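K.L.:
Provided herewith is a single structure, encoded as structure tokens, for subsequent inquiry.
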Amino acid sequence: MNHIKFLFLSVLVAVVAFGCEAVQDDDVWQDLELRTEYHNIKVVKVAGDLERPWALAFLPDGRLLVTERPGRLNIVENGNITQVNGTPQVRAVNQGGMLEVSVHPNYEENGWIYLTYSKAGEDNETALTVVRGRLDGNDFIDIEEIFEQNRYSSPGRHYGSKIAWDNEGYMYVSIGDRGANPPRAQDNSDHAGTLLRLNDDGTVPDDNPYVNDDSVANEIFSYGHRNIQGLIINQENNEIWATEHGPRGGDELNYVRATANYGWPDASLGLDYRDDTRFHQHTVARSIEGMEDPVYEFLPTLAPSGLALVTSDKFPRWEGNLLAGGLRAERIRRLVIEDYTVTHDEEILTFELGRIRDVREGPDGFIYVVTDENPGGIYRIEPNDD
């Protein structure tokens with residue numbers, strides 16, 4: 001009996017080890033060839049040896065921009081990584097640091113590049129801050145601080161910090177609830193737990209939903225968010241889709257509308273991390289009238305990160321789908337949506353690359369993935385149907 005028990009445990013350990021094996025050794029990378037439901041794909045490494053990369057953006061000349069959370073912005077060209085000089089000093093503690101990078105929709109005319117980061121205040125407090133600047137060779141110049149969260153706080157987590165642009169040139173910026181005091185997401189005088197709508201210079205658009213309400217921060221577009229870390233705007237119709245972290249079992253896909261309240265922390269699908277009871281003393285229900293329910297609940301936990309909308313003809317059978325990255329889940333979820341309902345959900349790259357931090361569709365039509373590892377890397381997903 002002991003021999004049987006030992007054999008069973010050995011097999012179990014082997015199965016678990018095999019199932020949890022994630023990332024290939026960076027020095028011996030071989031392109032992955034995988035099958036999905038509708039496309040065979042190939043995964044190619046674009047660049048490696050990055051320290052906790054966070055976000056990716058594309059320049060018109062084919063170069064890539066990638067941030068590293070400890071405080072760096074880099075240019076990637078032909079697999080070579082060059083650090084940009086002159087970027088802002090960040091407070092890189094916990095989840096903070098250098099976060100989003102975004103290129104202005106009219107970059108070829110104005111050259112603006114946008115960065116979000118955790119800015120240090122007093123007593124180890126931080127605020128989510130947005131700057132813009134231009135590239136001059138490898139230098140970041142003409143720097144302007146265009147937005148600063150209206151309350152510094154600790155601890156250093158739940159920054160949100162995604163940027164997306166609509167087809168009218170307005171910039172949307174997510175800010176998480178900042179972690180320590182979730183009810184801030186229901187306080188409309190506070191930027192925490194919101195999605196903001198800004199002009200490209202950080203000022204408030206004249207037609208923002210709360211510009212005539214002195215009790216609400218005028219930058220706010222929607223509120224009641226815990227921590228949006230996936231954000232995409234459909235350029236055809238300006239529909240806004242966001243993935244955000246919830247507590248255990250509460251990760252959400254939301255269709256975001258102006259003035260809508262997404263419920264956090266009063267309404268949540270999630271449970272406490274420690275004992276699976278109701279999360280937080282302020283959470284009273286899974287659904288509350290007057291608050292928006294999520295379009296989709298990710299089960300099991302995804303820990304959402306980057307979000308991409310497939311528009312490319314490179315992946316015709318994925319066109320119109322959302323690709324939602326997952327950190328803890330170490331995978332991408334391909335979501336088919338019809339009439340604001342998720343009708344199908346496929347898992348891709350499960351445990352193949354590690355923690356997925358960002359997912360973007362490139363101007364070449366391929367899908368790019370950033371991994372939240374040290375070292376982390378940039379990978380390109382190509383169709384491999386021939």
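Every chain in the structure tokens has a letter given in the order shown (A, B, ...), and although residue numbers restart at 1 in each chain, ligands are simply numbered from 1 in the order shown.
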Find the spatial neighbours of stretch 252-265 of chain A, counting only C-alpha atoms, within a cut-off of 7 Å - ignore same-chain residues fewer than 2 positions away - and output them as a PyMOL selection string.
P.N.:
chain A and resi 182-183+185+209+221-226+240-246+250+267-268+282-283+291-298
K.L.:
Quick one: write out the picked residues with N, CA and C atoms as a PDB file, in the first residue's frame?
P.N.:
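Wrote it out as result-v3.pdb, contents follow:
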```pdb
ATOM      1  N   PRO A 182     -11.710  51.443  -0.185  1.00  0.00           N
ATOM      2  CA  PRO A 182     -12.535  51.224  -1.366  1.00  0.00           C
ATOM      3  C   PRO A 182     -13.693  52.193  -1.550  1.00  0.00           C
ATOM      4  N   PRO A 183     -14.361  52.695  -0.495  1.00  0.00           N
ATOM      5  CA  PRO A 183     -15.480  53.617  -0.724  1.00  0.00           C
ATOM      6  C   PRO A 183     -15.112  54.898  -1.467  1.00  0.00           C
ATOM      7  N   ALA A 185     -14.239  54.990  -4.338  1.00  0.00           N
ATOM      8  CA  ALA A 185     -14.767  54.795  -5.691  1.00  0.00           C
ATOM      9  C   ALA A 185     -16.214  55.273  -5.827  1.00  0.00           C
ATOM     10  N   PRO A 209     -19.623  64.909 -18.750  1.00  0.00           N
ATOM     11  CA  PRO A 209     -20.949  64.747 -18.131  1.00  0.00           C
ATOM     12  C   PRO A 209     -21.164  65.509 -16.837  1.00  0.00           C
ATOM     13  N   PHE A 221     -15.779  60.496 -15.979  1.00  0.00           N
ATOM     14  CA  PHE A 221     -16.709  59.998 -16.991  1.00  0.00           C
ATOM     15  C   PHE A 221     -17.611  58.910 -16.403  1.00  0.00           C
ATOM     16  N   SER A 222     -17.025  57.973 -15.648  1.00  0.00           N
ATOM     17  CA  SER A 222     -17.776  56.926 -14.949  1.00  0.00           C
ATOM     18  C   SER A 222     -17.059  56.638 -13.633  1.00  0.00           C
ATOM     19  N   TYR A 223     -17.736  55.923 -12.731  1.00  0.00           N
ATOM     20  CA  TYR A 223     -17.141  55.706 -11.407  1.00  0.00           C
ATOM     21  C   TYR A 223     -17.597  54.362 -10.844  1.00  0.00           C
ATOM     22  N   GLY A 224     -17.180  54.079  -9.604  1.00  0.00           N
ATOM     23  CA  GLY A 224     -17.487  52.789  -9.000  1.00  0.00           C
ATOM     24  C   GLY A 224     -16.623  51.661  -9.541  1.00  0.00           C
ATOM     25  N   HIS A 225     -15.412  52.002 -10.013  1.00  0.00           N
ATOM     26  CA  HIS A 225     -14.476  51.005 -10.541  1.00  0.00           C
ATOM     27  C   HIS A 225     -13.457  50.635  -9.467  1.00  0.00           C
ATOM     28  N   ARG A 226     -13.098  49.353  -9.410  1.00  0.00           N
ATOM     29  CA  ARG A 226     -12.057  48.945  -8.463  1.00  0.00           C
ATOM     30  C   ARG A 226     -10.666  49.173  -9.024  1.00  0.00           C
ATOM     31  N   ILE A 240     -16.813  51.774 -25.347  1.00  0.00           N
ATOM     32  CA  ILE A 240     -15.711  51.614 -24.402  1.00  0.00           C
ATOM     33  C   ILE A 240     -15.876  50.290 -23.661  1.00  0.00           C
ATOM     34  N   TRP A 241     -14.823  49.475 -23.706  1.00  0.00           N
ATOM     35  CA  TRP A 241     -14.807  48.206 -22.988  1.00  0.00           C
ATOM     36  C   TRP A 241     -13.634  48.203 -22.020  1.00  0.00           C
ATOM     37  N   ALA A 242     -13.878  47.674 -20.826  1.00  0.00           N
ATOM     38  CA  ALA A 242     -12.838  47.666 -19.800  1.00  0.00           C
ATOM     39  C   ALA A 242     -12.865  46.356 -19.033  1.00  0.00           C
ATOM     40  N   THR A 243     -11.687  45.854 -18.705  1.00  0.00           N
ATOM     41  CA  THR A 243     -11.574  44.745 -17.768  1.00  0.00           C
ATOM     42  C   THR A 243     -10.968  45.281 -16.482  1.00  0.00           C
ATOM     43  N   GLU A 244     -11.507  44.805 -15.367  1.00  0.00           N
ATOM     44  CA  GLU A 244     -10.988  45.321 -14.096  1.00  0.00           C
ATOM     45  C   GLU A 244     -10.931  44.231 -13.036  1.00  0.00           C
ATOM     46  N   HIS A 245      -9.975  44.435 -12.144  1.00  0.00           N
ATOM     47  CA  HIS A 245      -9.760  43.510 -11.047  1.00  0.00           C
ATOM     48  C   HIS A 245     -10.881  43.623 -10.029  1.00  0.00           C
ATOM     49  N   GLY A 246     -11.377  42.479  -9.610  1.00  0.00           N
ATOM     50  CA  GLY A 246     -12.224  42.407  -8.431  1.00  0.00           C
ATOM     51  C   GLY A 246     -11.519  41.584  -7.380  1.00  0.00           C
ATOM     52  N   GLY A 250     -14.324  38.074  -8.638  1.00  0.00           N
ATOM     53  CA  GLY A 250     -15.033  39.291  -9.003  1.00  0.00           C
ATOM     54  C   GLY A 250     -14.438  40.059 -10.161  1.00  0.00           C
ATOM     55  N   ALA A 267     -21.453  46.944  -4.525  1.00  0.00           N
ATOM     56  CA  ALA A 267     -21.882  45.736  -5.228  1.00  0.00           C
ATOM     57  C   ALA A 267     -20.658  45.075  -5.840  1.00  0.00           C
ATOM     58  N   SER A 268     -20.498  43.788  -5.577  1.00  0.00           N
ATOM     59  CA  SER A 268     -19.354  43.061  -6.130  1.00  0.00           C
ATOM     60  C   SER A 268     -19.685  41.587  -6.234  1.00  0.00           C
ATOM     61  N   HIS A 282     -18.109  47.023   3.242  1.00  0.00           N
ATOM     62  CA  HIS A 282     -18.986  47.906   2.485  1.00  0.00           C
ATOM     63  C   HIS A 282     -19.729  47.183   1.359  1.00  0.00           C
ATOM     64  N   THR A 283     -19.353  45.961   1.053  1.00  0.00           N
ATOM     65  CA  THR A 283     -20.024  45.224  -0.010  1.00  0.00           C
ATOM     66  C   THR A 283     -21.302  44.609   0.544  1.00  0.00           C
ATOM     67  N   MET A 291     -26.942  50.556 -10.150  1.00  0.00           N
ATOM     68  CA  MET A 291     -25.529  50.298 -10.395  1.00  0.00           C
ATOM     69  C   MET A 291     -25.408  49.268 -11.512  1.00  0.00           C
ATOM     70  N   GLU A 292     -24.370  49.413 -12.339  1.00  0.00           N
ATOM     71  CA  GLU A 292     -24.210  48.564 -13.508  1.00  0.00           C
ATOM     72  C   GLU A 292     -23.629  47.194 -13.130  1.00  0.00           C
ATOM     73  N   ASP A 293     -24.290  46.137 -13.562  1.00  0.00           N
ATOM     74  CA  ASP A 293     -23.706  44.810 -13.453  1.00  0.00           C
ATOM     75  C   ASP A 293     -22.672  44.621 -14.558  1.00  0.00           C
ATOM     76  N   PRO A 294     -21.665  43.805 -14.321  1.00  0.00           N
ATOM     77  CA  PRO A 294     -20.699  43.550 -15.395  1.00  0.00           C
ATOM     78  C   PRO A 294     -21.339  42.803 -16.556  1.00  0.00           C
ATOM     79  N   VAL A 295     -20.791  43.018 -17.743  1.00  0.00           N
ATOM     80  CA  VAL A 295     -21.211  42.234 -18.901  1.00  0.00           C
ATOM     81  C   VAL A 295     -20.811  40.778 -18.714  1.00  0.00           C
ATOM     82  N   TYR A 296     -19.658  40.569 -18.063  1.00  0.00           N
ATOM     83  CA  TYR A 296     -19.138  39.215 -17.930  1.00  0.00           C
ATOM     84  C   TYR A 296     -18.310  39.124 -16.669  1.00  0.00           C
ATOM     85  N   GLU A 297     -18.412  37.984 -16.008  1.00  0.00           N
ATOM     86  CA  GLU A 297     -17.600  37.694 -14.832  1.00  0.00           C
ATOM     87  C   GLU A 297     -16.582  36.623 -15.212  1.00  0.00           C
ATOM     88  N   PHE A 298     -15.298  36.909 -14.977  1.00  0.00           N
ATOM     89  CA  PHE A 298     -14.247  35.956 -15.303  1.00  0.00           C
ATOM     90  C   PHE A 298     -14.119  34.929 -14.186  1.00  0.00           C
TER      91      PHE A 298
END
```
K.L.:
May I have the residues within 8 Å of A:Gly202 as a VMD selection string, using only C-alpha atoms and disregarding those fewer than 2 positions away in the same chain?
P.N.:
chain A and resid 146 to 147 198 to 200 204
K.L.:
Report as CSV the residues of stretch 130-243 of chain A within 12 Å of stretch 97-101 of chain A, each with its shortest atom pair and distance in Å (one decimal), using only C-alpha atoms, ordered by chain and increasing residue number.
P.N.:
```
residue,atom,partner,partner_atom,distance
A:Val130,CA,A:Glu100,CA,9.1
A:Val131,CA,A:Val101,CA,9.9
A:Arg132,CA,A:Val101,CA,9.5
A:Gly133,CA,A:Val101,CA,11.0
A:Gly156,CA,A:Gly97,CA,9.1
A:Arg157,CA,A:Gly97,CA,10.0
A:His158,CA,A:Leu99,CA,11.7
A:Tyr159,CA,A:Leu99,CA,8.9
A:Gly160,CA,A:Leu99,CA,9.2
A:Ser161,CA,A:Glu100,CA,6.2
A:Lys162,CA,A:Glu100,CA,6.0
A:Ile163,CA,A:Glu100,CA,7.0
A:Ala164,CA,A:Glu100,CA,10.3
A:Val173,CA,A:Glu100,CA,9.8
A:Ser174,CA,A:Glu100,CA,10.4
A:Ile175,CA,A:Glu100,CA,11.6
A:Gln229,CA,A:Glu100,CA,9.9
A:Gly230,CA,A:Glu100,CA,11.1
A:Leu231,CA,A:Glu100,CA,11.4
```
K.L.:
Do a neighbour search on A:Leu323 at 8 Å with only C-alpha atoms, toss out local chain neighbours closer than 2 positions, and write the hits as a list in words.
P.N.:
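Returned residues: Leu307, Ala308, Leu309, Val310, Asn321, Gly325, Ile332, Arg333, Arg334, Leu335 and Val359 of chain A.
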K.L.:
Let's have the selection written as a PDB file, in the first residue's frame, with N, CA and C atoms.
P.N.:
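Generated file (result.pdb):
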```pdb
ATOM      1  N   LEU A 307      -6.001  44.731 -22.721  1.00  0.00           N
ATOM      2  CA  LEU A 307      -7.192  44.357 -23.479  1.00  0.00           C
ATOM      3  C   LEU A 307      -7.031  44.857 -24.906  1.00  0.00           C
ATOM      4  N   ALA A 308      -7.313  43.991 -25.876  1.00  0.00           N
ATOM      5  CA  ALA A 308      -7.206  44.370 -27.285  1.00  0.00           C
ATOM      6  C   ALA A 308      -8.488  43.999 -28.011  1.00  0.00           C
ATOM      7  N   LEU A 309      -8.849  44.814 -28.993  1.00  0.00           N
ATOM      8  CA  LEU A 309      -9.953  44.529 -29.908  1.00  0.00           C
ATOM      9  C   LEU A 309      -9.350  44.115 -31.239  1.00  0.00           C
ATOM     10  N   VAL A 310      -9.732  42.947 -31.744  1.00  0.00           N
ATOM     11  CA  VAL A 310      -9.172  42.462 -32.999  1.00  0.00           C
ATOM     12  C   VAL A 310      -9.922  43.093 -34.171  1.00  0.00           C
ATOM     13  N   ASN A 321     -13.474  40.290 -31.904  1.00  0.00           N
ATOM     14  CA  ASN A 321     -13.338  39.683 -30.581  1.00  0.00           C
ATOM     15  C   ASN A 321     -12.460  40.545 -29.682  1.00  0.00           C
ATOM     16  N   GLY A 325      -5.992  39.918 -21.411  1.00  0.00           N
ATOM     17  CA  GLY A 325      -4.839  39.315 -20.756  1.00  0.00           C
ATOM     18  C   GLY A 325      -5.115  39.037 -19.295  1.00  0.00           C
ATOM     19  N   ILE A 332      -4.563  34.366 -22.089  1.00  0.00           N
ATOM     20  CA  ILE A 332      -5.431  35.332 -22.737  1.00  0.00           C
ATOM     21  C   ILE A 332      -6.793  34.686 -22.906  1.00  0.00           C
ATOM     22  N   ARG A 333      -7.850  35.460 -22.654  1.00  0.00           N
ATOM     23  CA  ARG A 333      -9.215  34.995 -22.892  1.00  0.00           C
ATOM     24  C   ARG A 333      -9.740  35.695 -24.142  1.00  0.00           C
ATOM     25  N   ARG A 334     -10.107  34.890 -25.141  1.00  0.00           N
ATOM     26  CA  ARG A 334     -10.706  35.438 -26.376  1.00  0.00           C
ATOM     27  C   ARG A 334     -12.217  35.442 -26.205  1.00  0.00           C
ATOM     28  N   LEU A 335     -12.804  36.643 -26.251  1.00  0.00           N
ATOM     29  CA  LEU A 335     -14.218  36.811 -25.955  1.00  0.00           C
ATOM     30  C   LEU A 335     -14.982  37.199 -27.213  1.00  0.00           C
ATOM     31  N   VAL A 359      -1.725  43.491 -23.757  1.00  0.00           N
ATOM     32  CA  VAL A 359      -2.098  42.880 -25.030  1.00  0.00           C
ATOM     33  C   VAL A 359      -2.495  44.009 -25.976  1.00  0.00           C
TER      34      VAL A 359
END
```
K.L.:
Using only C-alpha atoms, which of A:Asp313, A:Asp386, A:Asp213, A:Asp339 sits nearest A:Ile367?
P.N.:
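Closest to A:Ile367 of all the choices is A:Asp313.
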K.L.:
Could you work out how far atom CA of A:Asn218 lies from atom CA of A:Ala127, giving the answer in Å with one decimal?
P.N.:
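Spanning atom CA of A:Ala127 to atom CA of A:Asn218 is a straight-line distance of 17.6 Å.
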K.L.:
Pick out each residue of stretch 43-131 of chain A that DSSP on the backbone tags as strand (DSSP E or B); I need them as a ChimeraX atom specification.
P.N.:
/A:43-50,53-58,64-68,72-77,80-83,85,98-103,113-120,126-131
K.L.:
Just write the chosen residues, C-alpha atoms, as a compact mmCIF listing (two decimals), in the first residue's frame.
P.N.:
```
# COMPACT_ATOMS: atom_id res chain seq x y z
CA VAL A 43 4.39 33.12 -31.05
CA VAL A 44 7.64 34.95 -31.82
CA LYS A 45 9.80 36.73 -29.25
CA VAL A 46 10.40 40.38 -30.19
CA ALA A 47 12.55 41.41 -27.21
CA GLY A 48 13.55 40.11 -23.81
CA ASP A 49 15.58 41.00 -20.71
CA LEU A 50 13.09 43.61 -19.54
CA PRO A 53 7.60 45.62 -18.38
CA TRP A 54 4.17 47.22 -18.06
CA ALA A 55 2.87 48.67 -21.33
CA LEU A 56 3.52 48.78 -25.05
CA ALA A 57 2.90 51.37 -27.77
CA PHE A 58 3.77 51.64 -31.46
CA LEU A 64 8.06 49.99 -30.24
CA LEU A 65 7.88 51.82 -26.92
CA VAL A 66 7.79 49.80 -23.72
CA THR A 67 7.78 50.88 -20.09
CA GLU A 68 9.46 49.09 -17.19
CA ARG A 72 12.11 53.39 -17.49
CA LEU A 73 10.79 54.07 -20.99
CA ASN A 74 12.52 52.15 -23.77
CA ILE A 75 12.64 52.12 -27.55
CA VAL A 76 12.71 48.67 -29.13
CA GLU A 77 14.05 48.33 -32.68
CA ASN A 80 17.50 46.00 -29.47
CA ILE A 81 16.42 47.96 -26.39
CA THR A 82 17.48 51.58 -25.84
CA GLN A 83 16.53 53.51 -22.72
CA ASN A 85 16.61 59.71 -21.13
CA MET A 98 6.35 53.79 -14.60
CA LEU A 99 3.10 52.44 -16.01
CA GLU A 100 1.25 53.30 -19.22
CA VAL A 101 2.73 54.61 -22.46
CA SER A 102 0.43 55.90 -25.21
CA VAL A 103 1.05 57.60 -28.54
CA ILE A 113 3.88 60.58 -26.22
CA TYR A 114 1.98 60.11 -22.94
CA LEU A 115 3.20 58.39 -19.77
CA THR A 116 1.42 57.59 -16.52
CA TYR A 117 3.31 56.94 -13.31
CA SER A 118 3.10 56.99 -9.52
CA LYS A 119 4.35 60.36 -8.35
CA ALA A 120 5.85 60.62 -4.86
CA THR A 126 1.63 58.75 -4.22
CA ALA A 127 -0.72 60.02 -6.89
CA LEU A 128 -1.35 58.77 -10.42
CA THR A 129 0.11 61.40 -12.76
CA VAL A 130 0.09 61.87 -16.54
CA VAL A 131 2.82 63.64 -18.50
```
K.L.:
When you count only C-alpha atoms, which of these residues is closest to A:Glu346: A:Ala324, A:Ile233, A:Val284, A:Ile381?
P.N.:
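Smallest separation from A:Glu346 among the options: A:Ala324.
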K.L.:
Figure out the distance between atom CA of A:Ile228 and atom CA of A:Tyr379, please, to one decimal in Å.
P.N.:
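Computing it gives 22.9 Å between the two atoms.
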K.L.:
Go through A:Arg178, A:Arg197, A:Arg134, A:Arg69 and flag the residue nearest A:Trp165, using only C-alpha atoms for the distances.
P.N.:
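Between A:Arg178, A:Arg197, A:Arg134, A:Arg69, the residue approaching A:Trp165 most closely is A:Arg197.
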K.L.:
What is the atom CA of A:Ile337-atom CA of A:Asp177 distance in Å, reported with one decimal?
P.N.:
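Between these atoms lies a distance of 27.7 Å.
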K.L.:
Fewer than 3 positions away in the same chain doesn't count, so skip those; otherwise give me all residues within 9 Å of A:Glu33, counting only C-alpha atoms, as JSON, numbers by chain.
P.N.:
{"A": [40, 41, 42, 43, 384]}
K.L.:
Select, from A:Gly270, A:Gly179, A:Gly306, A:Pro105, the residue with the minimum atom-to-atom distance to A:Tyr368, counting only C-alpha atoms.
P.N.:
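Closest residue, counting only C-alpha atoms: A:Gly306.
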K.L.:
Would you give me, as a PyMOL selection string, the residues in stretch 68-278 of chain A that DSSP reads as helix (DSSP H, G or I)?
P.N.:
chain A and resi 107-110+182-186
K.L.:
Given the choices A:Ala192, A:Asn167, A:Ile348, A:Arg380, which gets closest to A:Gly362 if the distance is worked out from only C-alpha atoms?
P.N.:
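With only C-alpha atoms as the atom set, the closest residue is A:Arg380.
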